[in-house]
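See below for work-v8.pdb, which holds PDB, C-alpha atoms, pLDDT in the B column.
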MODEL        1
ATOM      1  CA  SER L  28      -7.416  32.472 -14.219  1.00 71.00           C
ATOM      2  CA  GLN L  29      -7.053  36.233 -14.196  1.00 80.00           C
ATOM      3  CA  LYS L  30      -6.445  38.202 -11.048  1.00 87.00           C
ATOM      4  CA  ILE L  31      -6.891  41.928 -10.599  1.00 92.00           C
ATOM      5  CA  GLU L  32      -4.869  43.974  -8.157  1.00 93.00           C
ATOM      6  CA  GLN L  33      -5.954  47.390  -6.995  1.00 94.00           C
ATOM      7  CA  ASN L  34      -4.245  49.436  -4.329  1.00 85.00           C
ATOM      8  CA  SER L  35      -5.912  48.343  -1.103  1.00 79.00           C
ATOM      9  CA  GLU L  36      -4.769  51.450   0.729  1.00 87.00           C
ATOM     10  CA  ALA L  37      -7.150  54.372   0.667  1.00 93.00           C
ATOM     11  CA  LEU L  38      -6.188  57.363  -1.438  1.00 95.00           C
ATOM     12  CA  ASN L  39      -6.514  60.749   0.253  1.00 96.00           C
ATOM     13  CA  ILE L  40      -6.267  63.849  -1.914  1.00 96.00           C
ATOM     14  CA  GLN L  41      -7.113  67.526  -1.713  1.00 97.00           C
ATOM     15  CA  GLU L  42     -10.080  68.983  -3.598  1.00 97.00           C
ATOM     16  CA  GLY L  43      -9.088  70.235  -7.035  1.00 97.00           C
ATOM     17  CA  LYS L  44      -6.202  67.790  -7.454  1.00 97.00           C
ATOM     18  CA  THR L  45      -6.115  64.839  -9.840  1.00 97.00           C
ATOM     19  CA  ALA L  46      -6.749  61.398  -8.370  1.00 97.00           C
ATOM     20  CA  THR L  47      -5.019  58.478 -10.089  1.00 97.00           C
ATOM     21  CA  LEU L  48      -6.048  54.910  -9.337  1.00 97.00           C
ATOM     22  CA  THR L  49      -4.253  51.806 -10.574  1.00 96.00           C
ATOM     23  CA  CYS L  50      -5.533  48.445 -11.785  1.00 95.00           C
ATOM     24  CA  ASN L  51      -3.108  45.644 -12.641  1.00 95.00           C
ATOM     25  CA  TYR L  52      -4.070  42.266 -14.089  1.00 92.00           C
ATOM     26  CA  THR L  53      -1.974  39.133 -14.150  1.00 88.00           C
ATOM     27  CA  ASN L  54      -2.527  37.122 -17.309  1.00 81.00           C
ATOM     28  CA  TYR L  55      -3.573  37.766 -20.884  1.00 75.00           C
ATOM     29  CA  SER L  56      -4.995  41.117 -21.867  1.00 74.00           C
ATOM     30  CA  PRO L  57      -8.785  41.180 -21.652  1.00 79.00           C
ATOM     31  CA  ALA L  58     -10.989  42.228 -24.538  1.00 77.00           C
ATOM     32  CA  TYR L  59     -12.108  45.177 -22.449  1.00 85.00           C
ATOM     33  CA  LEU L  60     -11.805  46.597 -18.978  1.00 89.00           C
ATOM     34  CA  GLN L  61     -14.393  48.535 -16.989  1.00 93.00           C
ATOM     35  CA  TRP L  62     -14.349  50.985 -14.112  1.00 96.00           C
ATOM     36  CA  TYR L  63     -17.178  51.311 -11.609  1.00 96.00           C
ATOM     37  CA  ARG L  64     -17.939  53.560  -8.660  1.00 97.00           C
ATOM     38  CA  GLN L  65     -19.495  52.135  -5.498  1.00 97.00           C
ATOM     39  CA  ASP L  66     -20.885  54.088  -2.580  1.00 95.00           C
ATOM     40  CA  PRO L  67     -21.367  52.409   0.818  1.00 91.00           C
ATOM     41  CA  GLY L  68     -24.352  50.052   0.900  1.00 88.00           C
ATOM     42  CA  ARG L  69     -25.143  50.506  -2.795  1.00 92.00           C
ATOM     43  CA  GLY L  70     -24.511  48.597  -6.002  1.00 94.00           C
ATOM     44  CA  PRO L  71     -21.630  49.577  -8.309  1.00 95.00           C
ATOM     45  CA  VAL L  72     -22.317  52.207 -10.972  1.00 95.00           C
ATOM     46  CA  PHE L  73     -20.669  51.892 -14.380  1.00 93.00           C
ATOM     47  CA  LEU L  74     -18.300  54.730 -15.324  1.00 95.00           C
ATOM     48  CA  LEU L  75     -16.157  53.798 -18.330  1.00 94.00           C
ATOM     49  CA  LEU L  76     -15.269  50.866 -20.574  1.00 91.00           C
ATOM     50  CA  ILE L  77     -12.029  50.695 -22.543  1.00 91.00           C
ATOM     51  CA  ARG L  78     -11.265  48.046 -25.179  1.00 87.00           C
ATOM     52  CA  GLU L  79      -7.890  46.392 -25.752  1.00 85.00           C
ATOM     53  CA  ASN L  80      -7.317  48.323 -28.978  1.00 88.00           C
ATOM     54  CA  GLU L  81      -7.938  51.682 -27.255  1.00 90.00           C
ATOM     55  CA  LYS L  82      -5.191  53.515 -25.408  1.00 89.00           C
ATOM     56  CA  GLU L  83      -7.319  56.139 -23.710  1.00 95.00           C
ATOM     57  CA  LYS L  84     -10.976  56.973 -23.040  1.00 95.00           C
ATOM     58  CA  ARG L  85     -12.425  60.163 -21.585  1.00 96.00           C
ATOM     59  CA  LYS L  86     -15.758  61.157 -20.108  1.00 94.00           C
ATOM     60  CA  GLU L  87     -16.088  64.626 -18.599  1.00 96.00           C
ATOM     61  CA  ARG L  88     -13.542  64.749 -15.721  1.00 97.00           C
ATOM     62  CA  LEU L  89     -12.729  61.036 -16.007  1.00 97.00           C
ATOM     63  CA  LYS L  90      -9.946  59.462 -18.044  1.00 97.00           C
ATOM     64  CA  VAL L  91      -8.972  55.813 -18.363  1.00 97.00           C
ATOM     65  CA  THR L  92      -5.841  54.414 -19.982  1.00 96.00           C
ATOM     66  CA  PHE L  93      -5.075  50.843 -20.957  1.00 93.00           C
ATOM     67  CA  ASP L  94      -1.496  49.595 -21.338  1.00 91.00           C
ATOM     68  CA  THR L  95      -1.436  45.959 -22.486  1.00 88.00           C
ATOM     69  CA  THR L  96       2.367  45.848 -22.224  1.00 89.00           C
ATOM     70  CA  LEU L  97       2.340  46.783 -18.549  1.00 91.00           C
ATOM     71  CA  LYS L  98      -0.955  44.874 -17.996  1.00 91.00           C
ATOM     72  CA  GLN L  99      -2.301  47.967 -16.349  1.00 93.00           C
ATOM     73  CA  SER L 100      -5.153  50.455 -16.465  1.00 94.00           C
ATOM     74  CA  LEU L 101      -5.037  53.871 -14.856  1.00 96.00           C
ATOM     75  CA  PHE L 102      -8.161  55.788 -13.827  1.00 97.00           C
ATOM     76  CA  HIS L 103      -7.895  59.555 -13.409  1.00 97.00           C
ATOM     77  CA  ILE L 104     -10.345  62.024 -11.905  1.00 98.00           C
ATOM     78  CA  THR L 105      -9.319  65.599 -12.646  1.00 97.00           C
ATOM     79  CA  ALA L 106     -10.410  68.599 -10.563  1.00 97.00           C
ATOM     80  CA  SER L 107     -11.587  66.186  -7.879  1.00 97.00           C
ATOM     81  CA  GLN L 108     -14.476  67.113  -5.582  1.00 97.00           C
ATOM     82  CA  PRO L 109     -15.570  65.796  -2.177  1.00 97.00           C
ATOM     83  CA  ALA L 110     -18.543  64.182  -3.988  1.00 97.00           C
ATOM     84  CA  ASP L 111     -16.045  61.963  -5.820  1.00 98.00           C
ATOM     85  CA  SER L 112     -15.270  60.204  -2.529  1.00 98.00           C
ATOM     86  CA  ALA L 113     -16.227  56.546  -3.033  1.00 97.00           C
ATOM     87  CA  THR L 114     -14.740  53.143  -3.780  1.00 97.00           C
ATOM     88  CA  TYR L 115     -13.634  52.637  -7.369  1.00 98.00           C
ATOM     89  CA  LEU L 116     -13.658  49.126  -8.828  1.00 97.00           C
ATOM     90  CA  CYS L 117     -11.847  47.772 -11.845  1.00 96.00           C
ATOM     91  CA  ALA L 118     -13.356  44.811 -13.716  1.00 94.00           C
ATOM     92  CA  LEU L 119     -12.497  42.683 -16.710  1.00 90.00           C
ATOM     93  CA  ALA L 120     -14.224  39.956 -18.684  1.00 82.00           C
ATOM     94  CA  GLU L 121     -12.876  36.444 -19.104  1.00 79.00           C
ATOM     95  CA  PHE L 122     -14.203  34.009 -21.683  1.00 75.00           C
ATOM     96  CA  THR L 123     -12.612  30.709 -20.628  1.00 71.00           C
ATOM     97  CA  GLY L 124     -15.174  27.933 -20.176  1.00 69.00           C
ATOM     98  CA  GLY L 125     -17.984  30.447 -20.323  1.00 73.00           C
ATOM     99  CA  PHE L 126     -18.288  34.097 -19.507  1.00 77.00           C
ATOM    100  CA  LYS L 127     -17.007  35.567 -16.230  1.00 83.00           C
ATOM    101  CA  THR L 128     -16.501  39.064 -14.890  1.00 87.00           C
ATOM    102  CA  ILE L 129     -13.663  39.537 -12.445  1.00 91.00           C
ATOM    103  CA  PHE L 130     -13.611  42.549 -10.114  1.00 94.00           C
ATOM    104  CA  GLY L 131     -10.751  43.952  -8.130  1.00 95.00           C
ATOM    105  CA  ALA L 132     -11.189  44.681  -4.422  1.00 95.00           C
ATOM    106  CA  GLY L 133     -11.465  48.389  -5.159  1.00 96.00           C
ATOM    107  CA  THR L 134      -9.636  51.480  -3.980  1.00 96.00           C
ATOM    108  CA  ARG L 135     -11.281  53.827  -1.529  1.00 96.00           C
ATOM    109  CA  LEU L 136     -10.885  57.504  -2.503  1.00 97.00           C
ATOM    110  CA  PHE L 137     -11.301  60.360  -0.030  1.00 97.00           C
ATOM    111  CA  VAL L 138     -11.344  63.916  -1.393  1.00 97.00           C
ATOM    112  CA  LYS L 139     -10.884  66.572   1.275  1.00 96.00           C
ATOM    113  CA  ALA L 140     -12.410  70.028   0.920  1.00 94.00           C
TER
ATOM    114  CA  GLU G  26     -30.915  54.933 -10.242  1.00 63.00           C
ATOM    115  CA  THR G  27     -30.834  51.943 -12.561  1.00 67.00           C
ATOM    116  CA  GLY G  28     -33.981  50.041 -13.489  1.00 88.00           C
ATOM    117  CA  VAL G  29     -32.703  46.903 -11.755  1.00 94.00           C
ATOM    118  CA  THR G  30     -34.607  45.962  -8.622  1.00 95.00           C
ATOM    119  CA  GLN G  31     -33.840  43.312  -6.040  1.00 97.00           C
ATOM    120  CA  SER G  32     -35.839  41.755  -3.236  1.00 96.00           C
ATOM    121  CA  PRO G  33     -35.730  41.486  -0.367  1.00 97.00           C
ATOM    122  CA  THR G  34     -33.484  44.335   0.801  1.00 96.00           C
ATOM    123  CA  HIS G  35     -32.327  42.507   3.910  1.00 96.00           C
ATOM    124  CA  LEU G  36     -32.645  38.920   5.045  1.00 96.00           C
ATOM    125  CA  ILE G  37     -31.616  36.999   8.144  1.00 98.00           C
ATOM    126  CA  LYS G  38     -31.341  33.209   7.988  1.00 98.00           C
ATOM    127  CA  THR G  39     -29.822  30.487  10.112  1.00 98.00           C
ATOM    128  CA  ARG G  40     -27.156  28.002   9.110  1.00 98.00           C
ATOM    129  CA  GLY G  41     -28.497  25.118   7.034  1.00 97.00           C
ATOM    130  CA  GLN G  42     -31.524  26.978   5.736  1.00 98.00           C
ATOM    131  CA  GLN G  43     -32.255  27.775   2.100  1.00 98.00           C
ATOM    132  CA  VAL G  44     -32.772  31.231   0.603  1.00 98.00           C
ATOM    133  CA  THR G  45     -34.138  32.660  -2.658  1.00 98.00           C
ATOM    134  CA  LEU G  46     -33.186  36.129  -3.836  1.00 98.00           C
ATOM    135  CA  ARG G  47     -34.958  37.860  -6.702  1.00 98.00           C
ATOM    136  CA  CYS G  48     -33.930  40.311  -9.379  1.00 97.00           C
ATOM    137  CA  SER G  49     -35.853  42.223 -12.043  1.00 95.00           C
ATOM    138  CA  SER G  50     -33.607  43.331 -14.847  1.00 91.00           C
ATOM    139  CA  GLN G  51     -33.691  46.676 -16.596  1.00 87.00           C
ATOM    140  CA  SER G  52     -36.240  46.881 -19.400  1.00 84.00           C
ATOM    141  CA  GLY G  53     -34.854  45.418 -22.648  1.00 83.00           C
ATOM    142  CA  HIS G  54     -31.977  43.595 -20.961  1.00 88.00           C
ATOM    143  CA  ASN G  55     -31.678  39.868 -21.667  1.00 88.00           C
ATOM    144  CA  THR G  56     -28.627  39.032 -19.560  1.00 90.00           C
ATOM    145  CA  VAL G  57     -28.416  38.844 -15.779  1.00 93.00           C
ATOM    146  CA  SER G  58     -25.362  38.250 -13.600  1.00 94.00           C
ATOM    147  CA  TRP G  59     -25.223  37.567  -9.874  1.00 97.00           C
ATOM    148  CA  TYR G  60     -22.389  38.577  -7.564  1.00 97.00           C
ATOM    149  CA  GLN G  61     -21.483  38.034  -3.923  1.00 98.00           C
ATOM    150  CA  GLN G  62     -19.721  40.913  -2.169  1.00 97.00           C
ATOM    151  CA  ALA G  63     -18.217  40.427   1.260  1.00 95.00           C
ATOM    152  CA  LEU G  64     -17.404  43.471   3.361  1.00 91.00           C
ATOM    153  CA  GLY G  65     -14.333  45.274   2.083  1.00 89.00           C
ATOM    154  CA  GLN G  66     -14.054  43.083  -1.005  1.00 93.00           C
ATOM    155  CA  GLY G  67     -14.962  43.462  -4.646  1.00 95.00           C
ATOM    156  CA  PRO G  68     -17.972  41.637  -6.102  1.00 96.00           C
ATOM    157  CA  GLN G  69     -17.300  37.950  -6.800  1.00 96.00           C
ATOM    158  CA  PHE G  70     -18.963  36.557  -9.926  1.00 94.00           C
ATOM    159  CA  ILE G  71     -21.397  33.724  -9.167  1.00 96.00           C
ATOM    160  CA  PHE G  72     -22.989  33.120 -12.571  1.00 93.00           C
ATOM    161  CA  GLN G  73     -24.606  34.726 -15.568  1.00 92.00           C
ATOM    162  CA  TYR G  74     -27.820  33.889 -17.408  1.00 92.00           C
ATOM    163  CA  TYR G  75     -28.475  34.756 -21.020  1.00 89.00           C
ATOM    164  CA  ARG G  76     -31.916  34.056 -22.434  1.00 87.00           C
ATOM    165  CA  GLU G  77     -32.741  31.596 -19.645  1.00 90.00           C
ATOM    166  CA  GLU G  78     -29.511  29.568 -20.004  1.00 91.00           C
ATOM    167  CA  GLU G  79     -26.481  29.667 -17.696  1.00 91.00           C
ATOM    168  CA  ASN G  80     -23.763  31.355 -19.706  1.00 87.00           C
ATOM    169  CA  GLY G  81     -20.850  31.339 -17.279  1.00 88.00           C
ATOM    170  CA  ARG G  82     -20.076  30.418 -13.695  1.00 91.00           C
ATOM    171  CA  GLY G  83     -17.551  31.519 -11.088  1.00 91.00           C
ATOM    172  CA  ASN G  84     -15.949  29.422  -8.362  1.00 91.00           C
ATOM    173  CA  PHE G  85     -19.054  28.770  -6.316  1.00 96.00           C
ATOM    174  CA  PRO G  86     -20.324  25.336  -5.185  1.00 96.00           C
ATOM    175  CA  PRO G  87     -23.434  23.729  -6.714  1.00 96.00           C
ATOM    176  CA  ARG G  88     -25.560  24.766  -3.731  1.00 98.00           C
ATOM    177  CA  PHE G  89     -25.604  28.166  -5.448  1.00 98.00           C
ATOM    178  CA  SER G  90     -28.092  27.841  -8.292  1.00 97.00           C
ATOM    179  CA  GLY G  91     -30.119  30.176 -10.408  1.00 96.00           C
ATOM    180  CA  LEU G  92     -32.948  30.642 -12.841  1.00 96.00           C
ATOM    181  CA  GLN G  93     -33.850  33.168 -15.466  1.00 95.00           C
ATOM    182  CA  PHE G  94     -37.455  33.516 -16.551  1.00 94.00           C
ATOM    183  CA  PRO G  95     -38.914  34.368 -19.979  1.00 92.00           C
ATOM    184  CA  ASN G  96     -39.329  37.999 -18.881  1.00 89.00           C
ATOM    185  CA  TYR G  97     -35.559  37.945 -18.048  1.00 89.00           C
ATOM    186  CA  SER G  98     -36.075  38.350 -14.302  1.00 93.00           C
ATOM    187  CA  SER G  99     -33.922  36.025 -12.253  1.00 96.00           C
ATOM    188  CA  GLU G 100     -33.573  34.144  -8.986  1.00 97.00           C
ATOM    189  CA  LEU G 101     -30.537  33.115  -6.987  1.00 98.00           C
ATOM    190  CA  ASN G 102     -31.024  30.115  -4.714  1.00 98.00           C
ATOM    191  CA  VAL G 103     -28.588  29.125  -2.006  1.00 98.00           C
ATOM    192  CA  ASN G 104     -29.042  25.826  -0.175  1.00 97.00           C
ATOM    193  CA  ALA G 105     -27.501  24.658   3.103  1.00 98.00           C
ATOM    194  CA  LEU G 106     -26.511  28.171   4.146  1.00 98.00           C
ATOM    195  CA  GLU G 107     -23.148  28.636   5.826  1.00 98.00           C
ATOM    196  CA  LEU G 108     -21.945  31.510   7.990  1.00 97.00           C
ATOM    197  CA  ASP G 109     -19.550  32.605   5.209  1.00 96.00           C
ATOM    198  CA  ASP G 110     -22.509  33.138   2.890  1.00 98.00           C
ATOM    199  CA  SER G 111     -23.244  36.347   4.783  1.00 97.00           C
ATOM    200  CA  ALA G 112     -22.687  39.092   2.218  1.00 97.00           C
ATOM    201  CA  LEU G 113     -24.290  41.615  -0.111  1.00 97.00           C
ATOM    202  CA  TYR G 114     -25.735  39.817  -3.140  1.00 98.00           C
ATOM    203  CA  LEU G 115     -25.814  41.943  -6.265  1.00 97.00           C
ATOM    204  CA  CYS G 116     -27.671  41.432  -9.486  1.00 96.00           C
ATOM    205  CA  ALA G 117     -26.622  43.165 -12.692  1.00 94.00           C
ATOM    206  CA  SER G 118     -28.342  43.265 -16.052  1.00 92.00           C
ATOM    207  CA  THR G 119     -27.041  44.041 -19.505  1.00 87.00           C
ATOM    208  CA  ASN G 120     -28.103  43.741 -23.095  1.00 81.00           C
ATOM    209  CA  GLY G 121     -24.711  42.503 -24.206  1.00 70.00           C
ATOM    210  CA  GLY G 122     -25.783  39.028 -25.171  1.00 62.00           C
ATOM    211  CA  ALA G 123     -23.793  35.860 -24.498  1.00 56.00           C
ATOM    212  CA  GLU G 124     -20.476  37.701 -24.323  1.00 59.00           C
ATOM    213  CA  GLY G 125     -21.734  40.288 -21.868  1.00 57.00           C
ATOM    214  CA  THR G 126     -19.806  42.984 -23.694  1.00 60.00           C
ATOM    215  CA  ASP G 127     -21.880  45.857 -22.499  1.00 69.00           C
ATOM    216  CA  THR G 128     -22.461  48.087 -19.535  1.00 82.00           C
ATOM    217  CA  GLN G 129     -23.714  46.229 -16.494  1.00 88.00           C
ATOM    218  CA  TYR G 130     -26.441  47.951 -14.498  1.00 91.00           C
ATOM    219  CA  PHE G 131     -26.451  46.873 -10.880  1.00 95.00           C
ATOM    220  CA  GLY G 132     -29.329  46.661  -8.473  1.00 95.00           C
ATOM    221  CA  PRO G 133     -29.087  47.910  -4.872  1.00 95.00           C
ATOM    222  CA  GLY G 134     -28.353  44.403  -3.567  1.00 96.00           C
ATOM    223  CA  THR G 135     -29.759  42.097  -0.919  1.00 97.00           C
ATOM    224  CA  ARG G 136     -27.942  41.998   2.391  1.00 97.00           C
ATOM    225  CA  LEU G 137     -27.967  38.396   3.652  1.00 97.00           C
ATOM    226  CA  THR G 138     -26.969  37.584   7.219  1.00 97.00           C
ATOM    227  CA  VAL G 139     -26.522  33.949   8.228  1.00 98.00           C
ATOM    228  CA  LEU G 140     -26.563  33.256  11.972  1.00 96.00           C
TER
ENDMDL
END
Represent the structure of the file as structure tokens.
Amino acid sequence: SQKIEQNSEALNIQEGKTATLTCNYTNYSPAYLQWYRQDPGRGPVFLLLIRENEKEKRKERLKVTFDTTLKQSLFHITASQPADSATYLCALAEFTGGFKTIFGAGTRLFVKA
Amino acid sequence: ETGVTQSPTHLIKTRGQQVTLRCSSQSGHNTVSWYQQALGQGPQFIFQYYREEENGRGNFPPRFSGLQFPNYSSELNVNALELDDSALYLCASTNGGAEGTDTQYFGPGTRLTVL
């Protein structure tokens, strides 16, 4: 079955810079891939969904890319702010023997003022 | 805040006991998924219900079972609790149908501690 790898090390960046987070998957390309934000003690919040036939998706300061050749999605936050500090999760859907959603372990982002 | 609610917020049980967690999905959503999230890990998919039928299941033993009701609310039942069952249990609803191809709205979770 699919596995998702996200950088387990925390990412520390300065306010105003662009944060780039990586999500790699191991097997076949999923029909779509999602990114979520999770704050401590709370449920994940949906940010963006990108389908396999889309190369890039944007929403305000967020941008997601999807490279099926590299089996990788990149998540960018431009002009980062301290309020962007959170854990960011990558997830994909698998349809073998029923529906499943697989999440990565997440990458913790710290934005310093 | 999403319209997904979960109860209880926190729960403490002892090994071997049984627990029932509840979830009310967002209005208009017919699909509910349950996840287990251990500290420092991503959510692990337990199962999904679509219109009262189990639509998919992750790698969890049969002592994890669920129900979805006609109003699309849902329950997660765990029998014979083990220490490793201690985690945050998340419920997510969507209106994506059997393929779940839609935004998932998560509840705040139930923190279960097994002693």
Can you list what the PyMOL selection byres ((chain L) within 10 of (chain G)) grabs from this structure, as a PyMOL selection string? chain L and resi 35+58-61+63+65+68-76+114-118+120-135
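Evaluated against the shown file, the PyMOL selection byres ((chain G and resi 46) around 8) gives G:Gln31, G:Ser32, G:Pro33, G:Val44, G:Thr45, G:Arg47, G:Cys48, G:Glu100, G:Leu101, G:Asn102, G:Thr135.
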Can you pull out every residue within 8 Å of Leu137 of chain G, counting only C-alpha atoms, but drop anything in the same chain fewer than 3 positions away, and send it as a PDB file with C-alpha atoms, in the coordinates of the input?
ATOM      1  CA  HIS G  35     -32.327  42.507   3.910  1.00 96.00           C
ATOM      2  CA  LEU G  36     -32.645  38.920   5.045  1.00 96.00           C
ATOM      3  CA  ILE G  37     -31.616  36.999   8.144  1.00 98.00           C
ATOM      4  CA  LYS G  38     -31.341  33.209   7.988  1.00 98.00           C
ATOM      5  CA  ASP G 110     -22.509  33.138   2.890  1.00 98.00           C
ATOM      6  CA  SER G 111     -23.244  36.347   4.783  1.00 97.00           C
ATOM      7  CA  ALA G 112     -22.687  39.092   2.218  1.00 97.00           C
ATOM      8  CA  LEU G 113     -24.290  41.615  -0.111  1.00 97.00           C
ATOM      9  CA  TYR G 114     -25.735  39.817  -3.140  1.00 98.00           C
TER      10      TYR G 114
END
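With only C-alpha atoms as the atoms that count, the minimum distance from Pro57 of chain L to the choices L:Arg88, L:Asp111, L:Gln29, L:Leu136 is reached by L:Gln29.
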Computed interatomic separation between atom CA of Gln61 of chain G and atom CA of Leu108 of chain G (Å): 13.6 Å
What residues have an atom no more than 8 Å from (-28.0, 25.9, 9.8) in the file's own frame, counting all atoms listed in the file, and can you write them as a compact mmCIF listing (two decimals) with C-alpha atoms, in the frame of the given file?
# COMPACT_ATOMS: atom_id res chain seq x y z
CA THR G 39 -29.82 30.49 10.11
CA ARG G 40 -27.16 28.00 9.11
CA GLY G 41 -28.50 25.12 7.03
CA GLN G 42 -31.52 26.98 5.74
CA ALA G 105 -27.50 24.66 3.10
CA LEU G 106 -26.51 28.17 4.15
CA GLU G 107 -23.15 28.64 5.83
CA LEU G 140 -26.56 33.26 11.97
Hits of the PyMOL selection byres ((chain G and resi 57) around 8) in this structure, as number ranges by chain: G: 50, 54-56, 58-59, 73-75, 93, 97-99, 116-119
Store the residues picked out above, limited to C-alpha atoms, as a PDB file, in the coordinates of the input.
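So again-v5.pdb came out as:
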ATOM      1  CA  SER G  50     -33.607  43.331 -14.847  1.00 91.00           C
ATOM      2  CA  HIS G  54     -31.977  43.595 -20.961  1.00 88.00           C
ATOM      3  CA  ASN G  55     -31.678  39.868 -21.667  1.00 88.00           C
ATOM      4  CA  THR G  56     -28.627  39.032 -19.560  1.00 90.00           C
ATOM      5  CA  SER G  58     -25.362  38.250 -13.600  1.00 94.00           C
ATOM      6  CA  TRP G  59     -25.223  37.567  -9.874  1.00 97.00           C
ATOM      7  CA  GLN G  73     -24.606  34.726 -15.568  1.00 92.00           C
ATOM      8  CA  TYR G  74     -27.820  33.889 -17.408  1.00 92.00           C
ATOM      9  CA  TYR G  75     -28.475  34.756 -21.020  1.00 89.00           C
ATOM     10  CA  GLN G  93     -33.850  33.168 -15.466  1.00 95.00           C
ATOM     11  CA  TYR G  97     -35.559  37.945 -18.048  1.00 89.00           C
ATOM     12  CA  SER G  98     -36.075  38.350 -14.302  1.00 93.00           C
ATOM     13  CA  SER G  99     -33.922  36.025 -12.253  1.00 96.00           C
ATOM     14  CA  CYS G 116     -27.671  41.432  -9.486  1.00 96.00           C
ATOM     15  CA  ALA G 117     -26.622  43.165 -12.692  1.00 94.00           C
ATOM     16  CA  SER G 118     -28.342  43.265 -16.052  1.00 92.00           C
ATOM     17  CA  THR G 119     -27.041  44.041 -19.505  1.00 87.00           C
TER      18      THR G 119
END
